[in-house]
>>> print(open('my_file_11.cif').read())   # mmCIF, C-alpha atoms
data_model
loop_
_atom_site.label_atom_id
_atom_site.label_comp_id
_atom_site.auth_asym_id
_atom_site.auth_seq_id
_atom_site.Cartn_x
_atom_site.Cartn_y
_atom_site.Cartn_z
CA MET A 1458 5.70 -35.66 8.91
CA LEU A 1459 7.23 -32.19 8.95
CA HIS A 1460 6.01 -30.00 11.78
CA ASN A 1461 6.25 -26.24 11.51
CA VAL A 1462 7.15 -23.93 14.38
CA TYR A 1463 4.29 -23.38 16.79
CA LYS A 1464 2.75 -19.92 16.79
CA PHE A 1465 0.39 -18.65 19.48
CA LEU A 1466 -0.67 -15.06 18.86
CA SER A 1467 -3.23 -12.76 20.37
CA VAL A 1468 -3.92 -9.05 20.45
CA SER A 1469 -5.74 -7.69 23.48
CA ALA A 1470 -6.88 -4.10 23.97
CA LEU A 1471 -7.85 -2.51 27.26
CA ALA A 1472 -9.07 1.08 26.89
CA LEU A 1473 -7.75 1.04 23.31
CA ALA A 1474 -8.04 4.49 21.80
CA ALA A 1475 -8.31 5.33 18.14
CA LEU A 1476 -4.78 5.31 16.86
CA SER A 1477 -4.15 8.25 14.60
CA GLY A 1478 -0.45 7.82 13.88
CA PRO A 1479 1.16 10.61 15.95
CA SER A 1480 4.29 12.23 14.54
CA PHE A 1481 7.62 11.46 16.17
CA ALA A 1482 10.67 13.11 14.65
CA ASP A 1483 14.07 11.48 14.94
CA PRO A 1484 16.57 11.85 12.08
CA ALA A 1485 18.38 8.64 13.08
CA CYS A 1486 15.20 6.53 13.11
CA ASP A 1487 12.68 7.14 10.34
CA LEU A 1488 9.69 4.81 10.63
CA THR A 1489 7.35 6.71 8.33
CA ASP A 1490 7.62 3.81 5.87
CA GLY A 1491 8.55 1.09 8.36
CA TYR A 1492 11.82 -0.78 8.72
CA GLY A 1493 14.01 -1.67 5.75
CA MET A 1494 13.00 -4.80 3.87
CA THR A 1495 16.37 -6.52 3.42
CA PRO A 1496 18.05 -7.98 6.52
CA THR A 1497 20.93 -5.49 6.30
CA ALA A 1498 18.63 -2.49 5.87
CA PHE A 1499 16.30 -3.73 8.61
CA GLN A 1500 19.07 -4.18 11.15
CA LYS A 1501 20.70 -0.83 10.34
CA GLU A 1502 17.46 1.06 10.93
CA ALA A 1503 16.50 -1.15 13.86
CA ASN A 1504 19.79 -0.44 15.62
CA ALA A 1505 19.21 3.29 15.18
CA CYS A 1506 15.69 3.05 16.58
CA LEU A 1507 16.84 0.99 19.56
CA GLU A 1508 18.99 3.97 20.55
CA GLY A 1509 15.69 5.73 21.31
CA ILE A 1510 13.08 7.82 19.50
CA ASN A 1511 12.17 11.40 20.35
CA GLY A 1512 8.72 11.57 21.93
CA ILE A 1513 8.63 7.90 22.95
CA LYS A 1514 9.47 6.63 26.44
CA THR A 1515 10.91 3.14 26.76
CA ASP A 1516 9.66 1.85 30.12
CA THR A 1517 12.17 -0.84 31.11
CA TYR A 1518 10.86 -0.85 34.69
CA MET A 1519 7.38 -1.76 33.43
CA ALA A 1520 8.84 -4.42 31.14
CA ASN A 1521 10.72 -5.97 34.07
CA GLN A 1522 7.57 -5.92 36.19
CA LEU A 1523 5.65 -7.72 33.45
CA LEU A 1524 8.43 -10.28 33.10
CA GLN A 1525 8.26 -10.92 36.84
CA LEU A 1526 4.46 -11.26 36.71
CA ALA A 1527 4.77 -13.69 33.83
CA GLY A 1528 7.14 -15.78 35.94
CA GLU A 1529 4.69 -15.74 38.83
CA GLN A 1530 1.86 -16.72 36.49
CA ARG A 1531 3.88 -19.67 35.20
CA ALA A 1532 4.81 -20.73 38.73
CA ASP A 1533 1.11 -20.79 39.60
CA GLN A 1534 0.55 -23.02 36.55
CA GLY A 1535 3.39 -25.34 37.55
CA VAL A 1536 5.61 -24.60 34.52
CA SER A 1537 9.24 -23.49 34.46
CA GLU A 1538 10.38 -19.88 34.58
CA LEU A 1539 11.28 -18.18 31.30
CA GLN A 1540 14.74 -16.79 30.61
CA SER A 1541 15.00 -13.28 29.20
CA LEU A 1542 16.53 -13.10 25.71
CA SER A 1543 17.88 -9.87 24.22
CA SER A 1544 16.84 -10.59 20.61
CA LEU A 1545 13.24 -11.14 21.76
CA ILE A 1546 13.35 -7.91 23.77
CA ASP A 1547 14.73 -5.97 20.80
CA ALA A 1548 12.14 -7.39 18.37
CA ALA A 1549 9.35 -6.60 20.85
CA ARG A 1550 10.57 -3.01 21.25
CA LEU A 1551 10.89 -2.53 17.51
CA HIS A 1552 7.30 -3.58 16.94
CA ALA A 1553 6.04 -1.44 19.81
CA TYR A 1554 7.86 1.57 18.31
CA ASP A 1555 6.40 0.89 14.88
CA MET A 1556 2.84 0.60 16.21
CA ALA A 1557 3.21 3.85 18.15
CA VAL A 1558 4.74 5.83 15.29
CA ARG A 1559 2.44 4.55 12.54
CA GLY A 1560 -0.73 4.29 14.62
CA TYR A 1561 -1.93 0.67 14.57
CA ALA A 1562 -2.26 -2.33 16.89
CA ALA A 1563 -1.60 -5.76 15.37
CA HIS A 1564 0.85 -8.65 15.32
CA GLU A 1565 1.94 -8.04 11.73
CA ASP A 1566 3.40 -4.70 10.71
CA LEU A 1567 1.97 -2.72 7.81
CA GLU A 1568 4.32 -4.53 5.40
CA GLY A 1569 3.05 -7.93 6.54
CA ARG A 1570 6.09 -9.00 8.59
CA THR A 1571 5.40 -11.11 11.66
CA HIS A 1572 6.94 -11.08 15.12
CA LEU A 1573 8.97 -14.13 14.17
CA ASP A 1574 10.26 -12.38 11.03
CA ARG A 1575 11.54 -9.52 13.19
CA VAL A 1576 13.15 -11.87 15.70
CA ARG A 1577 14.93 -13.68 12.87
CA MET A 1578 16.23 -10.36 11.57
CA MET A 1579 17.80 -9.60 14.96
CA GLU A 1580 18.78 -13.05 16.25
CA ARG A 1581 21.86 -14.34 14.44
CA SER A 1582 22.55 -17.73 16.01
CA ARG A 1583 19.68 -19.29 17.96
CA LEU A 1584 17.27 -21.77 16.34
CA ILE A 1585 13.62 -21.46 17.36
CA GLY A 1586 11.31 -24.45 17.68
CA ALA A 1587 8.21 -22.81 19.21
CA PHE A 1588 7.04 -19.22 19.24
CA GLY A 1589 4.19 -17.07 20.55
CA ALA A 1590 3.29 -13.43 21.15
CA ASN A 1591 0.98 -11.18 23.15
CA VAL A 1592 0.19 -7.56 22.27
CA VAL A 1593 -1.82 -5.16 24.40
CA VAL A 1594 -2.38 -1.41 24.08
CA VAL A 1595 -3.62 0.42 27.18
CA LYS A 1596 -3.81 3.95 28.52
CA ALA A 1597 -0.53 5.33 29.84
CA GLY A 1598 -0.39 4.98 33.60
CA THR A 1599 -2.04 1.57 33.69
CA SER A 1600 -0.34 -0.57 36.33
CA ALA A 1601 1.61 -3.71 35.52
CA GLU A 1602 -0.95 -5.71 37.50
CA ASP A 1603 -3.83 -4.34 35.40
CA ILE A 1604 -1.92 -5.00 32.18
CA GLN A 1605 -1.38 -8.59 33.33
CA LYS A 1606 -5.10 -8.88 34.10
CA ALA A 1607 -5.90 -7.65 30.58
CA MET A 1608 -3.55 -10.28 29.18
CA MET A 1609 -5.13 -13.03 31.24
CA ALA A 1610 -8.63 -11.96 30.19
CA ASP A 1611 -7.76 -13.02 26.63
CA LYS A 1612 -7.73 -16.82 26.22
CA ALA A 1613 -4.87 -16.96 23.71
CA ASN A 1614 -2.75 -14.54 25.73
CA ALA A 1615 -3.40 -16.53 28.90
CA GLU A 1616 -2.40 -19.78 27.19
CA ASN A 1617 1.01 -18.36 26.27
CA PHE A 1618 1.88 -17.90 29.94
CA LYS A 1619 1.44 -21.59 30.71
CA ARG A 1620 2.82 -23.28 27.59
CA SER A 1621 5.57 -25.62 28.77
CA GLU A 1622 7.28 -25.61 25.35
CA PHE A 1623 8.45 -22.02 25.85
CA ASP A 1624 11.74 -21.40 27.67
CA HIS A 1625 12.60 -17.78 26.75
CA MET A 1626 10.75 -14.46 26.78
CA GLY A 1627 11.24 -10.85 25.79
CA VAL A 1628 9.04 -7.96 26.96
CA ALA A 1629 8.83 -4.38 25.74
CA ALA A 1630 6.72 -1.54 27.09
CA ILE A 1631 6.78 1.89 25.50
CA GLU A 1632 4.70 5.00 26.13
CA ALA A 1633 3.65 7.43 23.41
CA ASP A 1634 0.83 9.94 22.92
CA GLY A 1635 -0.95 8.90 26.12
CA MET A 1636 -0.88 5.16 25.36
CA MET A 1637 1.22 2.24 26.56
CA TYR A 1638 2.21 -0.37 23.94
CA VAL A 1639 3.19 -3.74 25.37
CA VAL A 1640 4.64 -6.60 23.32
CA GLU A 1641 5.56 -9.95 24.87
CA LEU A 1642 7.39 -12.59 22.82
CA PHE A 1643 7.84 -16.24 23.81
CA ALA A 1644 10.14 -18.84 22.28
CA ARG A 1645 11.66 -22.26 22.71
CA ILE A 1646 15.32 -22.35 21.71
CA ASP A 1647 16.21 -25.81 20.35
CA GLY A 1648 19.67 -25.15 18.97
CA ARG A 1649 22.39 -22.64 18.27
CA LEU A 1650 24.65 -22.11 15.29
CA ASP A 1651 28.34 -22.48 16.09
CA ALA A 1652 29.01 -19.07 14.52
CA PRO A 1653 26.60 -16.13 14.13
CA MET A 1654 25.02 -16.05 10.68
CA PRO A 1655 26.11 -12.99 8.66
CA MET A 1656 23.40 -10.78 7.22
CA VAL A 1657 24.82 -11.32 3.74
CA ALA A 1658 25.43 -15.03 3.24
CA ALA A 1659 28.70 -15.95 1.59
CA PRO A 1660 29.36 -19.17 -0.33
CA ARG A 1661 30.15 -22.05 2.01
CA THR A 1662 28.96 -20.16 5.08
CA ASN A 1663 29.20 -22.44 8.11
CA LEU A 1664 25.84 -23.94 9.25
CA ALA A 1665 27.16 -26.25 11.98
CA ALA A 1666 25.02 -26.09 15.12
CA ASN A 1667 24.48 -27.64 18.52
CA TYR A 1668 20.98 -28.98 19.22
CA ASN A 1669 18.94 -29.72 22.34
CA ASP A 1670 17.10 -32.87 23.41
CA LYS A 1671 18.91 -35.39 21.22
CA LEU A 1672 17.79 -33.68 18.02
CA GLU A 1673 19.54 -35.05 14.93
CA PRO A 1674 20.16 -32.70 11.96
CA LEU A 1675 18.65 -33.82 8.65
CA GLY A 1676 19.21 -30.88 6.33
CA TRP A 1677 18.73 -27.18 5.85
CA SER A 1678 16.80 -24.83 3.60
CA VAL A 1679 16.43 -21.12 2.93
CA VAL A 1680 12.89 -19.96 2.26
CA SER A 1681 11.27 -16.66 1.30
CA ALA A 1682 8.78 -14.86 3.55
CA ASN A 1683 5.91 -16.58 1.72
CA GLY A 1684 7.49 -20.03 2.14
CA THR A 1685 9.02 -20.50 -1.32
CA THR A 1686 12.18 -22.63 -1.13
CA LEU A 1687 15.20 -20.66 -2.37
CA MET A 1688 17.91 -23.17 -1.45
CA ARG A 1689 18.03 -26.61 0.10
CA GLY A 1690 20.83 -28.95 1.10
CA VAL A 1691 22.43 -31.29 3.62
CA GLY A 1692 25.64 -30.95 5.56
CA ASP A 1693 26.93 -27.96 7.48
CA LYS A 1694 27.74 -25.41 4.78
CA LEU A 1695 25.92 -23.28 2.23
CA PRO A 1696 26.76 -24.19 -1.38
CA ALA A 1697 29.55 -22.66 -3.43
CA SER A 1698 26.96 -20.82 -5.54
CA ILE A 1699 24.18 -18.81 -3.88
CA PRO A 1700 21.13 -17.56 -5.80
CA SER A 1701 20.29 -13.87 -5.80
CA MET A 1702 17.85 -13.00 -3.01
CA GLU A 1703 16.99 -9.86 -1.11
CA GLU A 1704 15.59 -11.77 1.84
CA GLY A 1705 15.52 -15.39 2.94
CA PHE A 1706 15.13 -17.29 6.20
CA LEU A 1707 17.34 -20.17 7.25
CA GLN A 1708 15.55 -23.32 8.42
CA MET A 1709 17.05 -26.46 9.93
CA ASP A 1710 15.20 -29.78 9.68
CA VAL A 1711 15.86 -32.08 12.63
CA ALA A 1712 14.63 -35.48 13.79
CA LEU A 1713 13.61 -36.58 17.27
CA GLY A 1714 12.97 -40.28 16.98
CA LYS A 1715 10.52 -40.73 14.13
CA ASP A 1716 9.32 -37.14 14.24
CA VAL A 1717 10.74 -34.39 12.04
CA TYR A 1718 10.70 -30.72 13.04
CA THR A 1719 11.69 -27.45 11.38
CA LEU A 1720 13.68 -24.98 13.46
CA LYS A 1721 13.64 -21.33 12.46
CA GLY A 1722 16.98 -19.58 12.02
CA PRO A 1723 18.26 -16.12 11.03
CA ALA A 1724 17.21 -14.00 8.08
CA ILE A 1725 19.84 -13.67 5.35
CA SER A 1726 20.31 -12.19 1.89
CA SER A 1727 22.85 -12.59 -0.88
CA SER A 1728 23.39 -8.87 -1.39
CA LEU A 1729 23.30 -5.58 0.48
#
>>> encode(input="my_file_11.cif", output="structure tokens")
Amino acid sequence: MLHNVYKFLSVSALALAALSGPSFADPACDLTDGYGMTPTAFQKEANACLEGINGIKTDTYMANQLLQLAGEQRADQGVSELQSLSSLIDAARLHAYDMAVRGYAAHEDLEGRTHLDRVRMMERSRLIGAFGANVVVVKAGTSAEDIQKAMMADKANAENFKRSEFDHMGVAAIEADGMMYVVELFARIDGRLDAPMPMVAAPRTNLAANYNDKLEPLGWSVVSANGTTLMRGVGDKLPASIPSMEEGFLQMDVALGKDVYTLKGPAISSSL
């Protein structure tokens, strides 16, 4: 039986104000219509936004405090500490920016992309076997301890802190228009491609990877955002002929004993 990646998502709101979509002007980062839809366009705009946005404060100290509190919470639950991962941090920041600029609070953006979609746009080599996310919007000035309490007051959020299948985490905290937007992403990394996947996939692109926990590769596929299979194959290379696609997501099927799992890999396209 094929098992999909685990997803554990929750949105919590403490003192959540009506979000009216404040205006933040930055010529290098225009989020009025969200991030670009193709992997190349998304990453280009994302990289510009990660340089900073006028009117928005990126609170790395708060993010580090929340990461530390998450570690303490897991220690209390008897589960291992989570490693910080830059692609998770970047994806978390990008979503926090988008919520602040366009005035909403949700896991999916206004175009319907998920946290995992954004991670797969940014992460070019790691293969994800389990994934979860917490989102909370609070008044600016709320302490890290009170934000953690708000997280723990939500059952789904609280469960993410003690799930033993997670081994990595990324936290973002940004302040805008009197509110603090916090996004926490959790993942289990079960493998890594030998070479980073290019945004634009070329024929015979290398798919060789190293896997954890005695996982045995079975095959690969590229699927659309709605799950439609665009390509499928075995071996460690893309085919000599690649169909036209603006966006696809690499998946690697692996076996552990009699069980089969699908690991989530990078987003790709066949054109700019």
>>> resolve_selection(input="my_file_11.cif", expression="the PyMOL selection byres ((chain A and resi 1493-1506) around 9)", output="VMD selection string")
chain A and resid 1483 1485 to 1488 1490 to 1492 1507 to 1510 1547 to 1548 1551 1554 1568 1575 1578 to 1579 1656 to 1657 1703 to 1705 1724 to 1726 1728 to 1729
>>> residues_around(input="my_file_11.cif", residues="A:Glu1673", least_positions_apart="3", cutoff="10 Å", atoms="only C-alpha atoms", output="list in words")
Asn1667, Tyr1668, Asn1669, Asp1670, Gly1676, Asp1710, Val1711, Ala1712, Leu1713, Gly1714 and Val1717 of chain A
>>> resolve_selection(input="my_file_11.cif", expression="the PyMOL selection byres ((chain A and resi 1537-1539) around 8)", output="PDB file with C-alpha atoms, in the coordinates of the input")
ATOM      1  CA  GLY A1528       7.140 -15.780  35.940  1.00  0.00           C
ATOM      2  CA  ARG A1531       3.880 -19.670  35.200  1.00  0.00           C
ATOM      3  CA  ALA A1532       4.810 -20.730  38.730  1.00  0.00           C
ATOM      4  CA  GLY A1535       3.390 -25.340  37.550  1.00  0.00           C
ATOM      5  CA  VAL A1536       5.610 -24.600  34.520  1.00  0.00           C
ATOM      6  CA  GLN A1540      14.740 -16.790  30.610  1.00  0.00           C
ATOM      7  CA  SER A1541      15.000 -13.280  29.200  1.00  0.00           C
ATOM      8  CA  SER A1621       5.570 -25.620  28.770  1.00  0.00           C
ATOM      9  CA  PHE A1623       8.450 -22.020  25.850  1.00  0.00           C
ATOM     10  CA  ASP A1624      11.740 -21.400  27.670  1.00  0.00           C
ATOM     11  CA  HIS A1625      12.600 -17.780  26.750  1.00  0.00           C
ATOM     12  CA  MET A1626      10.750 -14.460  26.780  1.00  0.00           C
TER      13      MET A1626
END
>>> resolve_selection(input="my_file_11.cif", expression="the PyMOL selection byres ((chain A and resi 1513) around 9)", output="PyMOL selection string")
chain A and resi 1481+1509-1512+1514-1515+1554+1557-1558+1631-1634
>>> closest_residue(input="my_file_11.cif", among="A:Thr1599, A:Thr1489, A:Asn1614, A:Ser1544", to="A:Arg1581", atoms="all atoms listed in the file")
A:Ser1544
>>> residues_around(input="my_file_11.cif", residues="stretch 1635-1649 of chain A", least_positions_apart="6", cutoff="9 Å", atoms="all atoms listed in the file", output="ChimeraX atom specification")
/A:1465,1473-1474,1520,1523-1524,1539,1545-1546,1548-1550,1552-1554,1556-1557,1562,1572-1573,1582-1599,1604,1617-1618,1622-1629,1665-1670,1672,1720,1722
>>> write_last_selection(input="my_file_11.cif", atoms="C-alpha atoms", output="PDB file, keeping the file's coordinate frame")
ATOM      1  CA  PHE A1465       0.390 -18.650  19.480  1.00  0.00           C
ATOM      2  CA  LEU A1473      -7.750   1.040  23.310  1.00  0.00           C
ATOM      3  CA  ALA A1474      -8.040   4.490  21.800  1.00  0.00           C
ATOM      4  CA  ALA A1520       8.840  -4.420  31.140  1.00  0.00           C
ATOM      5  CA  LEU A1523       5.650  -7.720  33.450  1.00  0.00           C
ATOM      6  CA  LEU A1524       8.430 -10.280  33.100  1.00  0.00           C
ATOM      7  CA  LEU A1539      11.280 -18.180  31.300  1.00  0.00           C
ATOM      8  CA  LEU A1545      13.240 -11.140  21.760  1.00  0.00           C
ATOM      9  CA  ILE A1546      13.350  -7.910  23.770  1.00  0.00           C
ATOM     10  CA  ALA A1548      12.140  -7.390  18.370  1.00  0.00           C
ATOM     11  CA  ALA A1549       9.350  -6.600  20.850  1.00  0.00           C
ATOM     12  CA  ARG A1550      10.570  -3.010  21.250  1.00  0.00           C
ATOM     13  CA  HIS A1552       7.300  -3.580  16.940  1.00  0.00           C
ATOM     14  CA  ALA A1553       6.040  -1.440  19.810  1.00  0.00           C
ATOM     15  CA  TYR A1554       7.860   1.570  18.310  1.00  0.00           C
ATOM     16  CA  MET A1556       2.840   0.600  16.210  1.00  0.00           C
ATOM     17  CA  ALA A1557       3.210   3.850  18.150  1.00  0.00           C
ATOM     18  CA  ALA A1562      -2.260  -2.330  16.890  1.00  0.00           C
ATOM     19  CA  HIS A1572       6.940 -11.080  15.120  1.00  0.00           C
ATOM     20  CA  LEU A1573       8.970 -14.130  14.170  1.00  0.00           C
ATOM     21  CA  SER A1582      22.550 -17.730  16.010  1.00  0.00           C
ATOM     22  CA  ARG A1583      19.680 -19.290  17.960  1.00  0.00           C
ATOM     23  CA  LEU A1584      17.270 -21.770  16.340  1.00  0.00           C
ATOM     24  CA  ILE A1585      13.620 -21.460  17.360  1.00  0.00           C
ATOM     25  CA  GLY A1586      11.310 -24.450  17.680  1.00  0.00           C
ATOM     26  CA  ALA A1587       8.210 -22.810  19.210  1.00  0.00           C
ATOM     27  CA  PHE A1588       7.040 -19.220  19.240  1.00  0.00           C
ATOM     28  CA  GLY A1589       4.190 -17.070  20.550  1.00  0.00           C
ATOM     29  CA  ALA A1590       3.290 -13.430  21.150  1.00  0.00           C
ATOM     30  CA  ASN A1591       0.980 -11.180  23.150  1.00  0.00           C
ATOM     31  CA  VAL A1592       0.190  -7.560  22.270  1.00  0.00           C
ATOM     32  CA  VAL A1593      -1.820  -5.160  24.400  1.00  0.00           C
ATOM     33  CA  VAL A1594      -2.380  -1.410  24.080  1.00  0.00           C
ATOM     34  CA  VAL A1595      -3.620   0.420  27.180  1.00  0.00           C
ATOM     35  CA  LYS A1596      -3.810   3.950  28.520  1.00  0.00           C
ATOM     36  CA  ALA A1597      -0.530   5.330  29.840  1.00  0.00           C
ATOM     37  CA  GLY A1598      -0.390   4.980  33.600  1.00  0.00           C
ATOM     38  CA  THR A1599      -2.040   1.570  33.690  1.00  0.00           C
ATOM     39  CA  ILE A1604      -1.920  -5.000  32.180  1.00  0.00           C
ATOM     40  CA  ASN A1617       1.010 -18.360  26.270  1.00  0.00           C
ATOM     41  CA  PHE A1618       1.880 -17.900  29.940  1.00  0.00           C
ATOM     42  CA  GLU A1622       7.280 -25.610  25.350  1.00  0.00           C
ATOM     43  CA  PHE A1623       8.450 -22.020  25.850  1.00  0.00           C
ATOM     44  CA  ASP A1624      11.740 -21.400  27.670  1.00  0.00           C
ATOM     45  CA  HIS A1625      12.600 -17.780  26.750  1.00  0.00           C
ATOM     46  CA  MET A1626      10.750 -14.460  26.780  1.00  0.00           C
ATOM     47  CA  GLY A1627      11.240 -10.850  25.790  1.00  0.00           C
ATOM     48  CA  VAL A1628       9.040  -7.960  26.960  1.00  0.00           C
ATOM     49  CA  ALA A1629       8.830  -4.380  25.740  1.00  0.00           C
ATOM     50  CA  ALA A1665      27.160 -26.250  11.980  1.00  0.00           C
ATOM     51  CA  ALA A1666      25.020 -26.090  15.120  1.00  0.00           C
ATOM     52  CA  ASN A1667      24.480 -27.640  18.520  1.00  0.00           C
ATOM     53  CA  TYR A1668      20.980 -28.980  19.220  1.00  0.00           C
ATOM     54  CA  ASN A1669      18.940 -29.720  22.340  1.00  0.00           C
ATOM     55  CA  ASP A1670      17.100 -32.870  23.410  1.00  0.00           C
ATOM     56  CA  LEU A1672      17.790 -33.680  18.020  1.00  0.00           C
ATOM     57  CA  LEU A1720      13.680 -24.980  13.460  1.00  0.00           C
ATOM     58  CA  GLY A1722      16.980 -19.580  12.020  1.00  0.00           C
TER      59      GLY A1722
END
>>> atom_distance(input="my_file_11.cif", atom1="atom CA of A:Ala1697", atom2="atom CA of A:Lys1721")
22.5 Å
>>> atom_distance(input="my_file_11.cif", atom1="atom CA of A:Arg1661", atom2="atom CA of A:Ser1681")
19.6 Å
>>> closest_residue(input="my_file_11.cif", among="A:Asn1663, A:Leu1567, A:Leu1650, A:Leu1675", to="A:Lys1715", atoms="all atoms listed in the file")
A:Leu1675
>>> atom_distance(input="my_file_11.cif", atom1="atom CA of A:Ala1630", atom2="atom CA of A:Met1519")
6.4 Å
>>> closest_residue(input="my_file_11.cif", among="A:Val1691, A:Met1654, A:Ala1613, A:Leu1526", to="A:Pro1723", atoms="all atoms listed in the file")
A:Met1654
